[in-house]
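Right, one structure below, let's go through it.
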Amino acid sequence: MSSRSWRRIIVGIIFLILTIFYTLLFLKHASVTNELIFNIAHIKSLSNIFISPINFDYWGHTGSLINFYSPWLTILPGLLFLNQNVIIGFVLIFALVTYLTFTSSYYYMKKFSNDTLEALLFSVIYTLSFNRFMLVFSEQRIENYLVLIFLPMIYYGAFQIFNGKFQDWLTLTLGMTLIIWTSPYMALAIILTLVPILPLMIFSRLSHHWSYWGKTLLNLIKAGLTTGILTVGYWGPLLENQWTKKLLQQKRSRFDYWAWFSKEFLTRNNWYFFLTLIILLGLVLIVIFLKSSFSYKIMILESFVIVALLVTHPQLPVDISRLMFALITIVDLFAIVVLTRVILLLFQEGPVILQLLILLLTIGGFGYLTYSQANQLHPHNKIEIAQKIDYKSLVVNYHDQALESKNHFLIDGHSSQVQFNTKGNEYWLQYYNPQAVKMDIPIQNYAGYKVTVNNEQPKIFSSKRHTLLLQTDPNKNIIEIHAHYTVLAIISLLINLFSFIGLGYIYFSDKWKMKKKIVAES
């Protein structure tokens, strides 16, 4: 077995041990919060996503449009792991996400820096970072830490293009595609960090040729257009629905970083230490800036800008709270890249035994920090394997204009209790009244419904509650509501499907041709 194979096995074992360690900490110290229940309900509600974005079994049975706004990349692990024991299934998903974060960050940092030690240090610090700890144990929204798998892939592909290695445009494309299918706000934040790089490339020697700019712009446009086609199944139906509904997401509460930092660290006795630390940090960054490649310089410059935005938090006419939240994760990535670069420059000339010691100290140090942070948590409702969670009734409604309906039917404007049944994308009820009445059904009106009353399609209206309003027949009424994708949404999904098939065919055919060429030459 080659040394390369042994290295992969050893790295894989290290990541597996750290993943088990991190997962056990999550099991022992994480609380069953509303966000964790939301995660489980969201994954379960995606069970019919290929048929309809609406699942009446969840979100108060009101036809919530959450799956329009939260991409459904979690569908695969959801189907695999949540069909039996929900808690065990979710823990397995969490462990898989953690292991993939270790692996992805190591793989792309190794390709980016071509240094195994730097890649290992980056992977360990990145996955065990304080930011990821907060996303996992405090925020608990799976898309916020699922997206960490793809961030190194994105920036590796982008910097490859900016550095003239245009064949890696596909890496950027696939990374952005996975990001959009996971967290659209993160995709927007990434674009905002990539756009300024283009004018900054003027200061790089690579850009002193017109051919560079032509090839760079061509590959960026190619990556952008391909990403758009590969994600049209998400943003197509979203834009169609948003065009008519004009729904807004709830703002994230603003976190005052300076006030928090002043309270925790800047006591009167610590001011001198803080100023000294800032000066030393500035000197280190100047040295790193001068001795590192252009890509590292870009990260350092953008980190200063992002930190300034997070501290000042500019007020704009539109809500940018979720965008600012995404930028925290990006600046965390940049800071860890720079930190690993500092460590490497300090110890890269040392003997192998010293590098191994640095790696062990990093694993032990950040492992201990994660352990101590977890021990400071006091979960009120600990996760237990045999735990029964009624996630269908506990979760709150999201993106739901029928939020205040509370399953109350309005019969000619008067509240009434009517029995109904749901199953996935189907909703049906029986109602008897000798008179024809106007029935306000407590599910929000959606263009993709097929509604029948006694097997005939009535005229549908939107009530003042933004719910479905129709006229019943005299006597017995059998009302059936089936939620499906609209025609435009189906077209978008089909385009998306065929684009994935086409891209897969091109990718694997190129790999096959390259393999045949290597065999022929040998």
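Labels for the structure tokens follow display order: chains A, B, ..., residues from 1 in each chain, ligands from 1.
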| query | Skipping near chain neighbours, those fewer than 4 positions away, what residues fall within 12 Å of Ala308 in chain A using only C-alpha atoms, listed as a ChimeraX atom specification? | reply | /A:257-258,301-304,312-314,324,327-328,331
Residues of range 51-157 of chain A within 9 Å of range 368-377 of chain A: nearest atom pair and distance (Å, one decimal) for each, counting only C-alpha atoms, sorted by chain and number, as a tab-separated table?
residue	atom	partner	partner_atom	distance
A:Leu128	CA	A:Thr370	CA	6.6
A:Ser129	CA	A:Thr370	CA	7.9
A:Phe130	CA	A:Thr370	CA	7.7
A:Phe133	CA	A:Thr370	CA	7.4
A:Phe137	CA	A:Ala374	CA	8.2
| message | List as a ChimeraX atom specification the protein and nucleic acid residues near Ala95 in chain A, meaning an atom at most 12 Å away when only C-alpha atoms are counted, but skip any in the same chain fewer than 2 places from it. | response | /A:15-27,77,81,88-93,97-102,136,142,145-146
| So what do you get for CA of Lys110 in chain A versus CA of Phe94 in chain A, distance-wise? |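 Value for the CA of Lys110 in chain A-CA of Phe94 in chain A distance: 24.3 Å.
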Closest atom pairs, range 426-502 of chain A residues within 12 Å of range 176-185 of chain A, only C-alpha atoms, as CSV:
residue,atom,partner,partner_atom,distance
A:Asn496,CA,A:Thr177,CA,11.0
A:Ser499,CA,A:Thr177,CA,11.8
A:Phe500,CA,A:Thr177,CA,10.6
| field | Contacts of range 198-209 of chain A within 12 Å, only C-alpha atoms, excl. fewer than 5 positions in-chain, as a ChimeraX atom specification | value | /A:158-159,161-165,191-193,214-217,220,293-295,297-299,301-302
| message | Taking 5 positions as the minimum chain separation for residues in the same chain, which residues sit within 8 Å of range 441-456 of chain A when counting only C-alpha atoms? Answer as number ranges by chain. | response | A: 61-64, 400-402, 405-410, 462, 466-469, 472-473, 477-486
| CA of Gly157 in chain A and CA of Tyr505 in chain A, how far apart in Å? |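 CA of Tyr505 in chain A sits 20.6 Å away from CA of Gly157 in chain A.
Counting only C-alpha atoms and comparing A:Leu148, A:Leu333, A:Leu285, A:Ile54, the residue that lies closest to Leu345 in chain A is A:Leu285.
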| query | Quick one: residues within 6 Å of range 417-424 of chain A, only C-alpha atoms counted, chain neighbours fewer than 4 positions away excluded, as a ChimeraX atom specification? | reply | /A:55-57,428-429
| request: Skip Ile495 in chain A itself and residues of its chain fewer than 2 positions away, then list as number ranges by chain all residues within 9 Å of it, counting only C-alpha atoms. | output: A: 229-230, 232-233, 490-493, 497-500
What would the file look like if the residues just selected were written as a compact mmCIF listing (two decimals), in the first residue's frame with N, CA, C and O atoms?
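Here's the written file part-v8.txt:
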# COMPACT_ATOMS: atom_id res chain seq x y z
N ILE A 229 -29.05 27.45 -14.02
CA ILE A 229 -29.83 26.34 -14.60
C ILE A 229 -29.94 25.19 -13.60
O ILE A 229 -30.99 24.56 -13.47
N LEU A 230 -28.84 24.92 -12.86
CA LEU A 230 -28.83 23.81 -11.91
C LEU A 230 -29.66 24.09 -10.66
O LEU A 230 -29.89 23.19 -9.86
N VAL A 232 -32.62 26.23 -10.93
CA VAL A 232 -33.89 26.83 -11.35
C VAL A 232 -35.07 26.13 -10.71
O VAL A 232 -36.13 26.73 -10.50
N GLY A 233 -34.91 24.85 -10.35
CA GLY A 233 -35.99 24.13 -9.67
C GLY A 233 -36.29 24.70 -8.30
O GLY A 233 -37.38 24.46 -7.76
N ILE A 490 -43.22 23.05 -12.44
CA ILE A 490 -42.91 21.75 -13.04
C ILE A 490 -41.88 21.93 -14.17
O ILE A 490 -40.93 21.15 -14.29
N ILE A 491 -42.07 22.95 -14.98
CA ILE A 491 -41.11 23.22 -16.06
C ILE A 491 -39.72 23.50 -15.47
O ILE A 491 -38.70 23.00 -15.97
N SER A 492 -39.69 24.30 -14.40
CA SER A 492 -38.41 24.62 -13.75
C SER A 492 -37.73 23.37 -13.22
O SER A 492 -36.52 23.18 -13.39
N LEU A 493 -38.50 22.49 -12.59
CA LEU A 493 -37.94 21.26 -12.04
C LEU A 493 -37.44 20.33 -13.14
O LEU A 493 -36.41 19.67 -12.99
N LEU A 497 -33.73 18.96 -13.64
CA LEU A 497 -33.43 17.53 -13.73
C LEU A 497 -32.55 17.23 -14.93
O LEU A 497 -31.50 16.56 -14.81
N PHE A 498 -32.95 17.72 -16.11
CA PHE A 498 -32.19 17.43 -17.33
C PHE A 498 -30.82 18.12 -17.31
O PHE A 498 -29.85 17.61 -17.89
N SER A 499 -30.73 19.26 -16.63
CA SER A 499 -29.42 19.93 -16.54
C SER A 499 -28.46 19.12 -15.67
O SER A 499 -27.27 19.02 -15.99
N PHE A 500 -28.97 18.52 -14.58
CA PHE A 500 -28.13 17.65 -13.76
C PHE A 500 -27.67 16.43 -14.55
O PHE A 500 -26.50 16.02 -14.47
| task | Rounded to one decimal place, report the CA of Thr227 in chain A-CA of Gly78 in chain A distance in Å. | result |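 Computing it gives 24.4 Å between the two atoms.
Proximity ranking of A:Leu470, A:Ile506, A:Ile363, A:Ile190 relative to Thr127 in chain A places A:Ile363 first, based on only C-alpha atoms.
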